[in-house]
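Colleague: What follows is the file coords.cif, containing mmCIF, C-alpha atoms and all ligand atoms:
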```cif
data_coords
#
loop_
_atom_site.label_atom_id
_atom_site.label_comp_id
_atom_site.auth_asym_id
_atom_site.auth_seq_id
_atom_site.Cartn_x
_atom_site.Cartn_y
_atom_site.Cartn_z
CA MET A 1 -26.01 13.87 3.22
CA SER A 2 -24.17 17.01 4.24
CA GLY A 3 -20.52 17.53 3.34
CA GLY A 4 -19.66 17.40 7.03
CA ALA A 5 -21.23 13.95 7.48
CA ALA A 6 -19.47 12.58 4.41
CA ARG A 7 -16.19 13.99 5.72
CA ALA A 8 -16.60 12.16 9.02
CA GLU A 9 -17.49 8.92 7.23
CA ALA A 10 -14.37 7.81 5.41
CA PRO A 11 -11.15 9.47 6.51
CA VAL A 12 -7.82 7.89 5.70
CA LYS A 13 -6.54 6.54 9.02
CA LEU A 14 -2.99 6.14 10.23
CA TRP A 15 -1.71 4.52 13.43
CA LEU A 16 1.83 5.26 14.53
CA CYS A 17 3.05 3.03 17.32
CA ALA A 18 6.59 2.88 18.70
CA ASN A 19 7.82 -0.44 20.04
CA GLU A 20 8.03 1.17 23.50
CA ASP A 21 4.30 1.88 23.38
CA LEU A 22 3.66 -1.82 24.02
CA PRO A 23 5.63 -3.47 26.88
CA PRO A 24 7.27 -6.73 25.67
CA GLU A 25 5.41 -8.97 28.15
CA ILE A 26 2.04 -7.59 27.02
CA ALA A 27 3.03 -7.81 23.35
CA GLY A 28 3.94 -11.47 23.95
CA VAL A 29 0.55 -12.28 25.48
CA LEU A 30 -1.35 -10.46 22.72
CA ALA A 31 0.72 -12.17 20.02
CA ALA A 32 0.08 -15.60 21.55
CA ASN A 33 -3.67 -14.94 21.47
CA TRP A 34 -4.11 -12.94 18.29
CA LEU A 35 -1.54 -13.92 15.64
CA ASP A 36 -2.23 -16.69 13.15
CA GLY A 37 0.05 -19.66 12.48
CA GLN A 38 1.96 -17.91 9.68
CA GLU A 39 2.59 -14.80 11.79
CA LYS A 40 3.72 -16.88 14.78
CA GLU A 41 6.09 -18.80 12.58
CA ALA A 42 7.48 -15.60 11.05
CA ALA A 43 8.02 -14.18 14.58
CA SER A 44 9.85 -17.32 15.68
CA ARG A 45 12.33 -17.13 12.79
CA PHE A 46 14.04 -13.86 13.83
CA MET A 47 17.57 -14.27 15.08
CA PHE A 48 17.56 -11.07 17.16
CA GLU A 49 15.06 -10.31 19.89
CA ARG A 50 14.92 -6.68 18.74
CA ASP A 51 13.58 -7.77 15.32
CA ARG A 52 11.09 -10.18 16.86
CA ARG A 53 9.79 -7.40 19.07
CA GLN A 54 9.35 -5.08 16.09
CA TYR A 55 7.42 -7.75 14.19
CA THR A 56 5.26 -8.62 17.21
CA VAL A 57 4.31 -5.01 17.94
CA ALA A 58 3.62 -4.35 14.23
CA HIS A 59 1.34 -7.34 13.84
CA THR A 60 -0.55 -6.90 17.10
CA LEU A 61 -1.08 -3.26 16.05
CA VAL A 62 -2.49 -4.44 12.70
CA ARG A 63 -4.87 -6.89 14.34
CA ARG A 64 -6.01 -4.47 17.06
CA ALA A 65 -6.69 -1.56 14.69
CA LEU A 66 -8.32 -3.72 12.01
CA ALA A 67 -10.51 -5.43 14.61
CA MET A 68 -11.82 -2.03 15.72
CA GLU A 69 -12.28 -0.88 12.13
CA ALA A 70 -13.94 -4.06 10.88
CA GLY A 71 -16.03 -4.89 13.94
CA LEU A 72 -14.43 -8.32 14.43
CA VAL A 73 -12.26 -9.72 17.21
CA GLU A 74 -8.52 -9.87 16.65
CA PRO A 75 -7.95 -13.63 16.19
CA GLU A 76 -10.93 -13.86 13.83
CA LEU A 77 -9.35 -11.61 11.23
CA VAL A 78 -8.21 -13.62 8.21
CA ILE A 79 -5.25 -11.98 6.47
CA TRP A 80 -4.10 -13.37 3.13
CA ARG A 81 -1.19 -12.34 0.94
CA SER A 82 -0.93 -11.76 -2.80
CA PRO A 83 1.77 -13.65 -4.75
CA ARG A 84 4.03 -10.61 -4.17
CA GLY A 85 3.35 -10.69 -0.45
CA ARG A 86 0.84 -7.82 -0.09
CA PRO A 87 -1.47 -8.54 2.87
CA PHE A 88 -5.25 -8.10 2.45
CA LEU A 89 -8.12 -8.58 4.88
CA GLN A 90 -10.45 -11.39 3.82
CA TYR A 91 -14.07 -10.33 4.04
CA PRO A 92 -16.35 -12.84 5.75
CA GLU A 93 -19.42 -13.97 3.83
CA GLY A 94 -21.91 -11.12 4.01
CA GLY A 95 -19.15 -8.54 4.49
CA LEU A 96 -17.47 -7.02 7.52
CA PRO A 97 -19.72 -6.06 10.44
CA ARG A 98 -18.33 -2.53 9.98
CA GLY A 99 -17.63 -1.45 6.45
CA GLY A 100 -19.00 -4.20 4.22
CA GLN A 101 -16.41 -5.13 1.63
CA GLN A 102 -14.42 -1.94 1.64
CA LEU A 103 -11.26 -1.91 3.66
CA ASP A 104 -7.65 -1.78 2.52
CA PHE A 105 -4.61 -1.54 4.78
CA ASN A 106 -0.85 -1.36 4.59
CA LEU A 107 1.92 -1.72 7.17
CA SER A 108 5.47 -0.41 7.45
CA HIS A 109 7.97 -0.89 10.26
CA ALA A 110 11.47 0.49 10.72
CA GLY A 111 13.88 1.32 13.54
CA GLY A 112 11.43 0.90 16.42
CA TYR A 113 8.40 2.48 14.73
CA ASN A 114 5.33 0.82 13.23
CA LEU A 115 2.90 2.51 10.89
CA LEU A 116 -0.46 1.21 9.74
CA GLY A 117 -2.69 2.90 7.14
CA VAL A 118 -6.35 2.04 6.54
CA VAL A 119 -8.78 3.27 3.86
CA ARG A 120 -12.37 2.36 3.20
CA ARG A 121 -12.15 2.52 -0.59
CA GLN A 122 -9.38 2.38 -3.13
CA ARG A 123 -5.87 1.49 -2.03
CA ILE A 124 -3.30 2.76 0.45
CA GLY A 125 0.46 2.35 0.73
CA VAL A 126 2.57 3.62 3.63
CA ASP A 127 6.25 3.79 4.39
CA ILE A 128 8.25 4.87 7.44
CA GLU A 129 12.01 5.41 7.56
CA ARG A 130 14.46 6.96 9.99
CA LEU A 131 16.75 9.64 8.66
CA ASP A 132 19.81 8.18 10.41
CA ARG A 133 20.52 5.53 7.77
CA GLU A 134 24.02 4.83 6.53
CA ALA A 135 25.17 7.29 3.85
CA GLN A 136 26.39 4.41 1.69
CA SER A 137 22.97 2.75 1.53
CA LEU A 138 21.48 6.13 0.56
CA ASP A 139 23.81 6.34 -2.45
CA THR A 140 22.70 2.90 -3.59
CA ILE A 141 19.07 3.91 -3.14
CA ALA A 142 19.48 7.19 -5.06
CA HIS A 143 20.87 5.33 -8.07
CA THR A 144 17.53 3.59 -8.55
CA PHE A 145 15.72 6.95 -9.09
CA THR A 146 15.16 8.83 -12.39
CA LEU A 147 17.96 11.07 -13.65
CA GLU A 148 15.86 14.18 -12.90
CA GLU A 149 15.33 13.02 -9.32
CA GLN A 150 19.05 12.29 -8.95
CA ALA A 151 19.83 15.78 -10.25
CA TRP A 152 17.41 17.30 -7.70
CA ILE A 153 19.18 15.36 -4.95
CA GLY A 154 22.53 16.61 -6.29
CA ARG A 155 21.38 20.23 -5.91
CA ALA A 156 20.85 19.82 -2.13
CA ARG A 157 23.20 21.88 0.03
CA GLY A 158 25.06 19.70 2.51
CA SER A 159 24.89 16.02 3.36
CA GLY A 160 21.93 16.37 5.75
CA ALA A 161 19.76 18.02 3.08
CA ARG A 162 20.86 15.46 0.53
CA GLN A 163 20.01 12.58 2.85
CA ARG A 164 16.59 14.07 3.49
CA ARG A 165 15.88 14.39 -0.24
CA VAL A 166 16.87 10.76 -0.87
CA LEU A 167 14.65 9.50 1.93
CA ARG A 168 11.69 11.71 0.99
CA LEU A 169 11.75 10.23 -2.51
CA TRP A 170 12.37 6.72 -1.22
CA THR A 171 9.46 6.72 1.24
CA LEU A 172 7.10 8.15 -1.41
CA LYS A 173 8.18 5.58 -3.97
CA GLU A 174 7.80 2.76 -1.49
CA ALA A 175 4.37 4.00 -0.40
CA TYR A 176 3.23 4.14 -4.02
CA THR A 177 4.57 0.69 -4.97
CA LYS A 178 3.15 -0.80 -1.79
CA ALA A 179 -0.29 0.61 -2.59
CA ARG A 180 0.06 -1.05 -5.98
CA GLY A 181 1.12 -4.31 -4.29
CA LEU A 182 4.26 -4.46 -6.39
CA GLY A 183 6.87 -3.53 -3.80
CA LEU A 184 10.36 -3.41 -5.21
CA GLY A 185 9.08 -5.31 -8.28
CA LEU A 186 8.28 -1.93 -9.88
CA PRO A 187 11.46 -0.17 -11.07
CA PHE A 188 11.87 3.07 -9.14
CA ASP A 189 12.89 4.95 -12.28
CA SER A 190 9.65 4.05 -14.10
CA PHE A 191 7.73 6.80 -12.24
CA ALA A 192 8.75 10.18 -10.90
CA PHE A 193 7.99 12.84 -8.33
CA ILE A 194 8.58 16.55 -8.29
CA LEU A 195 8.80 17.62 -4.66
CA ASP A 196 8.46 20.90 -2.89
CA ALA A 197 11.73 22.07 -1.31
CA ASP A 198 10.34 21.61 2.18
CA ARG A 199 7.49 19.11 2.15
CA GLY A 200 4.80 17.98 -0.29
CA VAL A 201 4.44 16.50 -3.78
CA LEU A 202 4.04 19.06 -6.56
CA ASP A 203 3.71 16.57 -9.40
CA PHE A 204 3.74 12.86 -10.11
CA ARG A 205 4.43 10.97 -13.34
CA PRO A 206 2.90 7.49 -12.93
CA PRO A 207 4.35 4.38 -14.55
CA GLU A 208 2.85 3.15 -17.84
CA ASP A 209 0.74 0.44 -16.25
CA ASP A 210 -1.07 2.63 -13.73
CA ALA A 211 -4.65 2.55 -14.98
CA THR A 212 -5.89 5.48 -12.88
CA GLY A 213 -2.81 7.68 -12.77
CA ARG A 214 -3.95 9.99 -9.97
CA TRP A 215 -2.97 9.78 -6.32
CA SER A 216 -2.83 11.83 -3.13
CA PHE A 217 0.57 11.78 -1.46
CA LEU A 218 1.22 12.98 2.04
CA GLU A 219 4.57 13.48 3.73
CA LEU A 220 4.77 13.70 7.52
CA GLU A 221 7.49 13.86 10.15
CA PRO A 222 5.46 12.73 13.19
CA VAL A 223 8.62 12.32 15.29
CA PRO A 224 11.79 14.34 14.57
CA ASP A 225 13.94 12.55 11.98
CA VAL A 226 11.31 9.91 11.24
CA LEU A 227 9.82 10.30 7.77
CA VAL A 228 6.43 8.96 6.77
CA ALA A 229 4.90 8.84 3.29
CA VAL A 230 1.33 7.90 2.45
CA ALA A 231 -0.06 7.16 -1.03
CA VAL A 232 -3.82 6.98 -1.51
CA GLN A 233 -5.42 6.33 -4.86
CA ALA A 234 -7.45 9.40 -5.85
CA ASP A 235 -11.12 9.25 -5.04
CA GLU A 236 -12.33 12.55 -6.40
CA GLY A 237 -15.71 12.35 -4.67
CA ARG A 238 -14.24 11.92 -1.23
CA PRO A 239 -13.11 14.64 1.17
CA PRO A 240 -9.35 14.48 1.63
CA VAL A 241 -9.02 14.05 5.39
CA LEU A 242 -6.53 11.97 7.30
CA GLN A 243 -6.58 11.00 10.96
CA LEU A 244 -3.32 10.24 12.72
CA HIS A 245 -3.48 8.09 15.87
CA HIS A 246 -0.46 7.83 18.16
CA GLY A 247 0.36 4.86 20.39
CA PHE A 248 -1.14 1.40 20.71
CA PRO A 249 -4.91 1.60 20.08
CA TRP A 250 -6.28 0.23 23.35
CA THR A 251 -9.27 2.52 22.98
CA ARG A 252 -10.68 4.86 20.39
CA SER A 253 -8.57 7.87 21.31
CA ALA A 254 -8.96 11.26 19.63
CA PRO A 255 -6.81 11.42 16.49
CA LEU A 256 -5.00 14.38 15.00
CA ALA A 257 -6.71 15.55 11.78
CA VAL A 258 -4.49 16.38 8.81
CA ALA A 259 -5.63 17.58 5.38
CA LEU A 260 -4.75 15.12 2.64
CA PRO A 261 -3.31 17.01 -0.35
CA GLU A 262 -5.21 17.22 -3.64
CA PRO A 263 -4.44 14.35 -6.05
CA VAL A 264 -1.59 14.72 -8.54
CA GLY A 265 -0.67 12.69 -11.62
CA GLU A 266 -2.07 12.06 -15.08
CA GLU A 267 -5.69 11.17 -15.43
CA ARG A 268 -6.06 8.09 -17.61
CA ASP A 269 -8.93 7.34 -19.98
CA GLU A 270 -9.40 3.73 -18.99
CA GLU A 271 -12.04 2.81 -16.49
CA ASP A 272 -10.00 -0.25 -15.56
CA GLU A 273 -9.42 -1.30 -12.02
CA LEU A 274 -5.99 -0.51 -10.66
CA LEU A 275 -3.54 -3.27 -11.51
CA VAL A 276 -2.48 -4.95 -8.30
CA SER A 277 -0.34 -8.05 -8.46
C1 LIG B 1 7.00 -4.50 0.08
C2 LIG B 1 8.45 -4.23 0.28
C3 LIG B 1 8.82 -3.04 -0.59
C4 LIG B 1 8.63 -3.90 1.78
O1 LIG B 1 9.82 -3.28 2.02
P1 LIG B 1 10.40 -2.71 3.41
O2 LIG B 1 10.68 -1.27 3.27
O3 LIG B 1 11.50 -3.60 3.78
O4 LIG B 1 9.34 -2.92 4.51
P2 LIG B 1 8.17 -2.07 5.17
O5 LIG B 1 8.40 -2.15 6.61
O6 LIG B 1 7.92 -0.72 4.60
O7 LIG B 1 6.90 -2.96 4.78
C5 LIG B 1 6.83 -4.28 5.14
C6 LIG B 1 5.38 -4.68 5.14
O8 LIG B 1 4.79 -4.39 3.88
C7 LIG B 1 3.78 -5.36 3.62
N1 LIG B 1 4.08 -5.93 2.30
C8 LIG B 1 4.81 -7.03 1.98
N2 LIG B 1 4.82 -7.20 0.64
C9 LIG B 1 4.09 -6.19 0.13
C10 LIG B 1 3.73 -5.83 -1.20
N3 LIG B 1 4.10 -6.54 -2.25
N4 LIG B 1 2.96 -4.73 -1.38
C11 LIG B 1 2.55 -4.01 -0.31
N5 LIG B 1 2.87 -4.29 0.96
C12 LIG B 1 3.63 -5.38 1.18
C13 LIG B 1 3.84 -6.39 4.74
O9 LIG B 1 2.84 -6.09 5.68
C14 LIG B 1 5.21 -6.16 5.32
O10 LIG B 1 5.30 -6.42 6.69
P3 LIG B 1 5.35 -7.92 7.26
O11 LIG B 1 6.30 -8.68 6.41
O12 LIG B 1 5.79 -7.77 8.67
O13 LIG B 1 3.93 -8.42 7.13
C15 LIG B 1 9.34 -5.40 -0.12
O14 LIG B 1 9.20 -6.42 0.83
C16 LIG B 1 9.00 -5.97 -1.49
O15 LIG B 1 9.39 -5.45 -2.51
N6 LIG B 1 8.25 -7.05 -1.55
C17 LIG B 1 7.80 -7.64 -2.82
C18 LIG B 1 8.61 -8.87 -3.08
C19 LIG B 1 8.19 -9.53 -4.36
O16 LIG B 1 7.90 -8.90 -5.35
N7 LIG B 1 8.14 -10.83 -4.30
C20 LIG B 1 7.75 -11.58 -5.46
C21 LIG B 1 7.39 -12.95 -5.10
S1 LIG B 1 8.79 -13.84 -4.56
#
```
Just give me the structure as structure tokens.
Ligand SMILES: CC(C)(COP(=O)(O)OP(=O)(O)OC[C@H]1O[C@@H](n2cnc3c(N)ncnc32)[C@H](O)[C@@H]1OP(=O)(O)O)[C@@H](O)C(=O)NCCC(=O)NCCS

Modeller:
Amino acid sequence: MSGGAARAEAPVKLWLCANEDLPPEIAGVLAANWLDGQEKEAASRFMFERDRRQYTVAHTLVRRALAMEAGLVEPELVIWRSPRGRPFLQYPEGGLPRGGQQLDFNLSHAGGYNLLGVVRRQRIGVDIERLDREAQSLDTIAHTFTLEEQAWIGRARGSGARQRRVLRLWTLKEAYTKARGLGLGLPFDSFAFILDADRGVLDFRPPEDDATGRWSFLELEPVPDVLVAVAVQADEGRPPVLQLHHGFPWTRSAPLAVALPEPVGEERDEEDELLVS
């Protein structure tokens, strides 16, 4: 197979969908038809309509994009959760019509934006955050980082630059822990990033229990003041290409292609599978 064909075969895919991309009445109809009992119950528990809307758009986005990727219809997708709450797609007997038994996904939603990442091998974690968070919550967040990372934040000039540094580290750490399935269960000072001043991960020190130790990390700002981080477990044989789709995926629209940076981290000797709890 030529390099070009392999490249087209397994890109990392991202869908970014704002709540406004799906009118509430349509989201309601899709949710009624597509969501499972657990999702419907979760949606019904929100006190504020704004939060329910966010959840509904996020979960209809997941079902729509996964249905297209897997070759199934939306209500047929069976999504199960690990003990720590990480959702996975259950493969039907005989595999997925598209993609056999190789599909991992991760979702993040914040402040009116929903982000879904899909890979065909290995694992993916994604995180989306708005820059306009309260300064006080940023201080609390920064205290969970390593001392070196806190010192790097302290060297930022001005509160805007400082805020950006905190949220760049935060989104990357969340993306990594979400790929691992550990969420906030993994202490944020047990692994570390060295970041470029502007954008990009220069180096990564994985936590002790990471059996592979090497990851590709991508930082994006697809909308001004909205930060996105993506963590994809290194797959040295695969071409590092990412496709970014904007809006609700009614059809297979043309995505924006972005190069996924080379993996960083420490290669480990073990051949073990990545530990996901
Ligand atoms: C994962 C976690 C970091 C999400 O934090 P967040 O920034 O508030 O939320 P995001 O919008 O980025 O992501 C939320 C989505 O991540 C996914 N998610 C939930 N738990 C996850 C986990 N352990 N790993 C990866 N993804 C997870 C879900 O799709 C969730 O959306 P949903 O609840 O609407 O389905 C946080 O919920 C967490 O730490 N969970 C683990 C809790 C835990 O360890 N529980 C132990 C058993 S009680």

Colleague: Could you name the residues that touch A:Leu242 at 9 Å or less, counting only C-alpha atoms, but leaving out those on the same chain fewer than 2 positions away, as a ChimeraX atom specification?

Modeller: /A:11-14,240,244,256-260

Colleague: Now that the selection is made, can you save its residues with C-alpha atoms as a short mmCIF file (atom, residue, chain, number, x, y, z; two decimals), keeping the file's coordinate frame?

Modeller:
```
data_model
loop_
_atom_site.label_atom_id
_atom_site.label_comp_id
_atom_site.auth_asym_id
_atom_site.auth_seq_id
_atom_site.Cartn_x
_atom_site.Cartn_y
_atom_site.Cartn_z
CA PRO A 11 -11.15 9.47 6.51
CA VAL A 12 -7.82 7.89 5.70
CA LYS A 13 -6.54 6.54 9.02
CA LEU A 14 -2.99 6.14 10.23
CA PRO A 240 -9.35 14.48 1.63
CA LEU A 244 -3.32 10.24 12.72
CA LEU A 256 -5.00 14.38 15.00
CA ALA A 257 -6.71 15.55 11.78
CA VAL A 258 -4.49 16.38 8.81
CA ALA A 259 -5.63 17.58 5.38
CA LEU A 260 -4.75 15.12 2.64
#
```

Colleague: Rank nothing, just name the residue among A:Asp209, A:Asp36, A:Glu236, A:Asp127 nearest to A:Thr56, using only C-alpha atoms.

Modeller: A:Asp36

Colleague: Would you pick out the contacts of stretch 73-88 of chain A at 6 Å or less, using only C-alpha atoms, so that residues sharing its chain but fewer than 6 positions from it are not included, and give the list as a PyMOL selection string?

Modeller: chain A and resi 34+63-64+67+181

Colleague: Nearest residue to ligand LIG 1 (chain B) out of A:Glu20, A:Asp104, A:Glu149, A:Glu221, using only C-alpha atoms and all ligand atoms?

Modeller: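 Residue with the minimum atom-to-atom distance to ligand LIG 1 (chain B): A:Asp104.
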
Colleague: Write out as a Markdown table a residue-level contact list of chain A versus ligand LIG 1 (chain B) with cut-off 10 Å: for each qualifying residue the closest pair of atoms and the distance in Å to one decimal, counting only C-alpha atoms and all ligand atoms, rows sorted by chain and residue number upward.

Modeller:
```
| residue | atom | partner | partner_atom | distance |
| --- | --- | --- | --- | --- |
| A:Glu39 | CA | B:LIG1 | O13 | 8.0 |
| A:Ala42 | CA | B:LIG1 | O12 | 8.4 |
| A:Ala43 | CA | B:LIG1 | O12 | 9.0 |
| A:Gln54 | CA | B:LIG1 | O12 | 8.7 |
| A:Tyr55 | CA | B:LIG1 | O12 | 5.8 |
| A:Thr56 | CA | B:LIG1 | O12 | 8.6 |
| A:Val57 | CA | B:LIG1 | O12 | 9.8 |
| A:Ala58 | CA | B:LIG1 | O12 | 6.9 |
| A:His59 | CA | B:LIG1 | O12 | 6.8 |
| A:Val62 | CA | B:LIG1 | O9 | 9.0 |
| A:Ile79 | CA | B:LIG1 | O13 | 9.9 |
| A:Arg81 | CA | B:LIG1 | N2 | 7.9 |
| A:Ser82 | CA | B:LIG1 | N3 | 7.3 |
| A:Pro83 | CA | B:LIG1 | C21 | 5.7 |
| A:Arg84 | CA | B:LIG1 | C20 | 4.1 |
| A:Gly85 | CA | B:LIG1 | N2 | 3.9 |
| A:Arg86 | CA | B:LIG1 | C9 | 3.6 |
| A:Pro87 | CA | B:LIG1 | O9 | 5.7 |
| A:Phe88 | CA | B:LIG1 | O9 | 8.9 |
| A:Phe105 | CA | B:LIG1 | O9 | 8.8 |
| A:Asn106 | CA | B:LIG1 | N5 | 6.0 |
| A:Leu107 | CA | B:LIG1 | O9 | 4.7 |
| A:Ser108 | CA | B:LIG1 | O5 | 3.5 |
| A:His109 | CA | B:LIG1 | O5 | 3.9 |
| A:Ala110 | CA | B:LIG1 | O5 | 5.8 |
| A:Gly111 | CA | B:LIG1 | O5 | 9.5 |
| A:Tyr113 | CA | B:LIG1 | O5 | 9.3 |
| A:Asn114 | CA | B:LIG1 | O5 | 7.9 |
| A:Leu115 | CA | B:LIG1 | O5 | 8.4 |
| A:Leu116 | CA | B:LIG1 | O9 | 9.0 |
| A:Ile124 | CA | B:LIG1 | C11 | 9.0 |
| A:Gly125 | CA | B:LIG1 | C11 | 6.8 |
| A:Val126 | CA | B:LIG1 | O6 | 7.0 |
| A:Asp127 | CA | B:LIG1 | O6 | 4.8 |
| A:Ile128 | CA | B:LIG1 | O6 | 6.3 |
| A:Glu129 | CA | B:LIG1 | O6 | 7.9 |
| A:Trp170 | CA | B:LIG1 | O2 | 9.3 |
| A:Thr171 | CA | B:LIG1 | O6 | 8.3 |
| A:Lys173 | CA | B:LIG1 | C3 | 9.3 |
| A:Glu174 | CA | B:LIG1 | C3 | 6.0 |
| A:Ala175 | CA | B:LIG1 | O6 | 7.7 |
| A:Tyr176 | CA | B:LIG1 | C11 | 9.0 |
| A:Thr177 | CA | B:LIG1 | N4 | 6.7 |
| A:Lys178 | CA | B:LIG1 | C11 | 3.6 |
| A:Ala179 | CA | B:LIG1 | C11 | 5.9 |
| A:Arg180 | CA | B:LIG1 | N4 | 6.6 |
| A:Gly181 | CA | B:LIG1 | N4 | 3.5 |
| A:Leu182 | CA | B:LIG1 | N3 | 4.6 |
| A:Gly183 | CA | B:LIG1 | O15 | 3.4 |
| A:Leu184 | CA | B:LIG1 | O15 | 3.5 |
| A:Gly185 | CA | B:LIG1 | O16 | 4.8 |
| A:Leu186 | CA | B:LIG1 | O15 | 8.2 |
| A:Val276 | CA | B:LIG1 | N4 | 8.8 |
| A:Ser277 | CA | B:LIG1 | N3 | 7.8 |
```

Colleague: For atom CA of A:Gly95 and atom CA of A:Gly71, determine how far apart the two atoms are, in Å to one decimal place.

Modeller: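 Between these atoms lies a distance of 10.6 Å.
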
Colleague: What is the distance, in Å and to one decimal place, between atom CA of A:Asp210 and atom CA of A:Gly100?

Modeller: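 A separation of 26.3 Å between them.
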
Colleague: Quick one: distance from atom CA of A:Gln163 to atom CA of A:Ser190 in Å, one decimal?

Modeller: 21.6 Å

Colleague: Please produce stretch 165-182 of chain A, completed to N, CA and C atoms, as a PDB file, keeping the file's coordinate frame.

Modeller:
```
ATOM      1  N   ARG A 165      16.489  14.488   1.092  1.00  0.00           N
ATOM      2  CA  ARG A 165      15.880  14.390  -0.240  1.00  0.00           C
ATOM      3  C   ARG A 165      15.788  12.933  -0.699  1.00  0.00           C
ATOM      4  N   VAL A 166      16.874  12.180  -0.465  1.00  0.00           N
ATOM      5  CA  VAL A 166      16.870  10.760  -0.870  1.00  0.00           C
ATOM      6  C   VAL A 166      15.740  10.029  -0.145  1.00  0.00           C
ATOM      7  N   LEU A 167      15.646  10.271   1.162  1.00  0.00           N
ATOM      8  CA  LEU A 167      14.650   9.500   1.930  1.00  0.00           C
ATOM      9  C   LEU A 167      13.223   9.981   1.691  1.00  0.00           C
ATOM     10  N   ARG A 168      13.046  11.249   1.350  1.00  0.00           N
ATOM     11  CA  ARG A 168      11.690  11.710   0.990  1.00  0.00           C
ATOM     12  C   ARG A 168      11.239  10.975  -0.270  1.00  0.00           C
ATOM     13  N   LEU A 169      12.116  10.926  -1.266  1.00  0.00           N
ATOM     14  CA  LEU A 169      11.750  10.230  -2.510  1.00  0.00           C
ATOM     15  C   LEU A 169      11.553   8.738  -2.264  1.00  0.00           C
ATOM     16  N   TRP A 170      12.432   8.162  -1.484  1.00  0.00           N
ATOM     17  CA  TRP A 170      12.370   6.720  -1.220  1.00  0.00           C
ATOM     18  C   TRP A 170      11.057   6.338  -0.538  1.00  0.00           C
ATOM     19  N   THR A 171      10.693   7.076   0.516  1.00  0.00           N
ATOM     20  CA  THR A 171       9.460   6.720   1.240  1.00  0.00           C
ATOM     21  C   THR A 171       8.241   6.901   0.333  1.00  0.00           C
ATOM     22  N   LEU A 172       8.242   7.947  -0.499  1.00  0.00           N
ATOM     23  CA  LEU A 172       7.100   8.150  -1.410  1.00  0.00           C
ATOM     24  C   LEU A 172       7.026   7.029  -2.434  1.00  0.00           C
ATOM     25  N   LYS A 173       8.176   6.643  -2.958  1.00  0.00           N
ATOM     26  CA  LYS A 173       8.180   5.580  -3.970  1.00  0.00           C
ATOM     27  C   LYS A 173       7.747   4.250  -3.351  1.00  0.00           C
ATOM     28  N   GLU A 174       8.224   3.994  -2.154  1.00  0.00           N
ATOM     29  CA  GLU A 174       7.800   2.760  -1.490  1.00  0.00           C
ATOM     30  C   GLU A 174       6.295   2.785  -1.208  1.00  0.00           C
ATOM     31  N   ALA A 175       5.800   3.920  -0.707  1.00  0.00           N
ATOM     32  CA  ALA A 175       4.370   4.000  -0.400  1.00  0.00           C
ATOM     33  C   ALA A 175       3.550   3.741  -1.659  1.00  0.00           C
ATOM     34  N   TYR A 176       3.962   4.336  -2.772  1.00  0.00           N
ATOM     35  CA  TYR A 176       3.230   4.140  -4.020  1.00  0.00           C
ATOM     36  C   TYR A 176       3.270   2.674  -4.467  1.00  0.00           C
ATOM     37  N   THR A 177       4.459   2.077  -4.490  1.00  0.00           N
ATOM     38  CA  THR A 177       4.570   0.690  -4.970  1.00  0.00           C
ATOM     39  C   THR A 177       3.875  -0.277  -4.013  1.00  0.00           C
ATOM     40  N   LYS A 178       3.850   0.069  -2.736  1.00  0.00           N
ATOM     41  CA  LYS A 178       3.150  -0.800  -1.790  1.00  0.00           C
ATOM     42  C   LYS A 178       1.639  -0.692  -1.958  1.00  0.00           C
ATOM     43  N   ALA A 179       1.150   0.501  -2.287  1.00  0.00           N
ATOM     44  CA  ALA A 179      -0.290   0.610  -2.590  1.00  0.00           C
ATOM     45  C   ALA A 179      -0.623  -0.253  -3.808  1.00  0.00           C
ATOM     46  N   ARG A 180       0.266  -0.252  -4.769  1.00  0.00           N
ATOM     47  CA  ARG A 180       0.060  -1.050  -5.980  1.00  0.00           C
ATOM     48  C   ARG A 180       0.243  -2.549  -5.719  1.00  0.00           C
ATOM     49  N   GLY A 181       0.873  -2.900  -4.608  1.00  0.00           N
ATOM     50  CA  GLY A 181       1.120  -4.310  -4.290  1.00  0.00           C
ATOM     51  C   GLY A 181       2.344  -4.860  -4.977  1.00  0.00           C
ATOM     52  N   LEU A 182       3.132  -3.984  -5.593  1.00  0.00           N
ATOM     53  CA  LEU A 182       4.260  -4.460  -6.390  1.00  0.00           C
ATOM     54  C   LEU A 182       5.577  -4.422  -5.633  1.00  0.00           C
TER      55      LEU A 182
END
```
